[in-house]
Structures are given as structure tokens and as C-alpha cells.
Amino acid sequence: MKDLGEKKKSILVVDDIPFTRNSLKELINKTDYAEVLAEASNGVDAINLYKELKPDLVIMDILMSDMGGIVAIEEIIKNDRKAVILAVSGLDKSNLIELAHKKGAKAFIKKPYKIDSLLKKIKELLTNSEI
């Protein structure tokens with residue numbers, strides 16, 4: 001795996017549960033390759049923050065109040081086809097996973113996730129997104 005360089009990659013965390021957002025932020029900010037740039041609690045805020053900040057990766061919960069993750073993924077991809085999105089959900093129904101991929105998510109992880117698996121997937125997506 002190639003080196004990610006000195007500058008940490010930016011991540012937008014989107015989840016309607018504050019505890020989940022905070023846990024992800026703490027976990028990611030402890031790494032030497034990524035940091036949470038911003039957080040959103042719904043799809044509408046996620047779209048607006050993505051347009052403003054252009055993070056290297058979006059970690060998007062699928063099931064949220066207001067606007068869910070599937071619609072938000074679709075809207076982000078409409079605005080930036082190169083967006084890198086990791087979809088997460090407590091449900092692992094194959095049709096949900098397939099829909100997330102169809103709308104533009106690069107990967108899917110089921111909650112609750114194993115920390116090692118999550119960090120490995122984040123690093124993989126950040127590395128593969130480099131030009």
C-alpha cells in the first residue's frame with residue numbers, strides 16, 4: 001500500500017446518532033492518516049457540507065431522519081462524480097447494499113463494525129482515491 005503522505009485526509013461523518021459521530025471522530029482523529037473535518041446529522045446537511053468542504057471521504061449512515069443516506073449519496077455524486085463514499089448501516093439487506101453501490105457508494109460496512117475492519121476500509125478508500 002502506498003504512503004498517504006504527511007497531510008491527513010479529510011473525512012465528513014454523517015450519522016443521526018451523536019454518540020456514533022463522536023465515536024467515529026475520536027477513532028479517526030487518532031490515526032496518522034485521516035481527520036474528521038466535519039459532521040452532519042442528516043442528508044441535507046451532508047450535501048451542503050460536502051459542497052462547501054469537498055472532503056476526501058464521506059462516511060454515510062443509510063438510515064437517518066429528514067433525508068436518508070441513499071438520497072444524499074445520489075445528490076453528492078450528482079455534484080461530484082469522484083466523491084468517495086463509505087455507506088454504513090445496521091441493516092445488511094442485500095438490496096440496501098446494492099442500492100447504495102448503485103447510487104455511488106464505493107463500499108459498505110455493516111454496523112456495529114469492528115474497529116480494525118473499519119479503519120482498514122477507510123485507509124483503503126483514501127489510498128485508492130489518490131490521483
# chains A, B, ... in the order shown; residues from 1 in each chain; ligands from 1
>>> select_by_dssp(residues="chain A", states="helix (DSSP H, G or I)", output="PyMOL selection string")
chain A and resi 18-29+43-53+69-79+94-103+115-128
>>> select_by_dssp(residues="stretch 2-91 of chain A", states="strand (DSSP E)", output="NGL selection string")
:A and (9-14 or 34-40 or 57-61 or 85-89)
>>> write_last_selection(atoms="N, CA and C atoms", output="tab-separated table (two decimals), in the first residue's frame")
chain	number	residue	atom	x	y	z
A	9	LYS	N	-5.85	13.11	5.46
A	9	LYS	CA	-7.01	13.18	4.58
A	9	LYS	C	-8.23	13.62	5.38
A	10	SER	N	-9.13	14.33	4.73
A	10	SER	CA	-10.32	14.87	5.40
A	10	SER	C	-11.52	13.95	5.23
A	11	ILE	N	-12.30	13.85	6.31
A	11	ILE	CA	-13.47	12.98	6.32
A	11	ILE	C	-14.69	13.74	6.84
A	12	LEU	N	-15.82	13.52	6.19
A	12	LEU	CA	-17.12	14.01	6.65
A	12	LEU	C	-17.87	12.81	7.20
A	13	VAL	N	-18.28	12.89	8.48
A	13	VAL	CA	-19.02	11.81	9.12
A	13	VAL	C	-20.50	12.20	9.17
A	14	VAL	N	-21.36	11.32	8.65
A	14	VAL	CA	-22.79	11.60	8.60
A	14	VAL	C	-23.55	10.48	9.30
A	34	ALA	N	-5.78	10.37	8.73
A	34	ALA	CA	-7.08	10.99	8.46
A	34	ALA	C	-7.58	11.78	9.66
A	35	GLU	N	-8.46	12.75	9.38
A	35	GLU	CA	-9.10	13.50	10.45
A	35	GLU	C	-10.51	13.87	10.01
A	36	VAL	N	-11.40	13.97	10.99
A	36	VAL	CA	-12.78	14.36	10.71
A	36	VAL	C	-12.82	15.87	10.55
A	37	LEU	N	-13.19	16.30	9.37
A	37	LEU	CA	-13.27	17.71	9.02
A	37	LEU	C	-14.59	18.31	9.49
A	38	ALA	N	-15.66	17.52	9.39
A	38	ALA	CA	-16.99	17.99	9.77
A	38	ALA	C	-17.90	16.80	10.03
A	39	GLU	N	-19.04	17.12	10.67
A	39	GLU	CA	-20.05	16.11	10.97
A	39	GLU	C	-21.41	16.63	10.53
A	40	ALA	N	-22.29	15.71	10.16
A	40	ALA	CA	-23.66	16.06	9.81
A	40	ALA	C	-24.59	15.01	10.41
A	57	LEU	N	-13.26	11.85	1.89
A	57	LEU	CA	-14.11	10.68	2.12
A	57	LEU	C	-15.34	11.10	2.91
A	58	VAL	N	-16.47	10.49	2.59
A	58	VAL	CA	-17.70	10.67	3.37
A	58	VAL	C	-18.08	9.31	3.94
A	59	ILE	N	-18.29	9.26	5.25
A	59	ILE	CA	-18.82	8.05	5.89
A	59	ILE	C	-20.29	8.35	6.14
A	60	MET	N	-21.18	7.66	5.42
A	60	MET	CA	-22.60	7.99	5.37
A	60	MET	C	-23.48	6.88	5.92
A	61	ASP	N	-24.20	7.18	7.00
A	61	ASP	CA	-25.20	6.25	7.50
A	61	ASP	C	-26.34	6.22	6.48
A	85	ILE	N	-17.47	7.66	-1.09
A	85	ILE	CA	-18.45	7.50	-0.02
A	85	ILE	C	-18.42	6.07	0.50
A	86	LEU	N	-18.31	5.95	1.82
A	86	LEU	CA	-18.42	4.67	2.52
A	86	LEU	C	-19.78	4.65	3.20
A	87	ALA	N	-20.67	3.78	2.74
A	87	ALA	CA	-22.00	3.66	3.32
A	87	ALA	C	-21.95	2.71	4.51
A	88	VAL	N	-22.68	3.07	5.57
A	88	VAL	CA	-22.76	2.21	6.75
A	88	VAL	C	-24.22	2.08	7.18
A	89	SER	N	-24.56	0.91	7.72
A	89	SER	CA	-25.92	0.70	8.20
A	89	SER	C	-25.97	-0.49	9.15
>>> closest_residue(among="A:Thr20, A:Asn95, A:Asn42, A:Thr127", to="A:Ile73", atoms="only C-alpha atoms")
A:Asn42
>>> closest_residue(among="A:Ile28, A:Met64, A:Leu125, A:Ala46", to="A:Ile76", atoms="only C-alpha atoms")
A:Ala46
>>> atom_distance(atom1="atom CA of A:Ile70", atom2="atom CA of A:Leu91")
13.2 Å
>>> residues_around(residues="A:Leu119", least_positions_apart="5", cutoff="9 Å", atoms="only C-alpha atoms", output="PyMOL selection string")
chain A and resi 27-28+31+114+124
>>> atom_distance(atom1="atom CA of A:Arg81", atom2="atom CA of A:Tyr113")
26.7 Å
>>> atom_distance(atom1="atom CA of A:Asp16", atom2="atom CA of A:Leu63")
8.4 Å
>>> residues_around(residues="A:Ala72", least_positions_apart="3", cutoff="7 Å", atoms="only C-alpha atoms", output="ChimeraX atom specification")
/A:43-44,47,67-69,75-76
>>> write_last_selection(atoms="C-alpha atoms", output="tab-separated table (two decimals), in the first residue's frame")
chain	number	residue	atom	x	y	z
A	43	GLY	CA	-28.51	14.01	4.40
A	44	VAL	CA	-29.38	17.66	3.74
A	47	ILE	CA	-24.84	17.56	0.91
A	67	MET	CA	-33.05	12.90	4.36
A	68	GLY	CA	-31.58	9.41	4.40
A	69	GLY	CA	-28.19	8.32	3.17
A	75	GLU	CA	-27.08	14.03	-4.65
A	76	ILE	CA	-23.40	14.18	-3.69
>>> closest_residue(among="A:Asp45, A:Asp56, A:Glu26, A:Glu98", to="A:Ala83", atoms="only C-alpha atoms")
A:Asp56
>>> closest_residue(among="A:Leu24, A:Ile77, A:Leu53, A:Ile17", to="A:Lys102", atoms="only C-alpha atoms")
A:Ile77
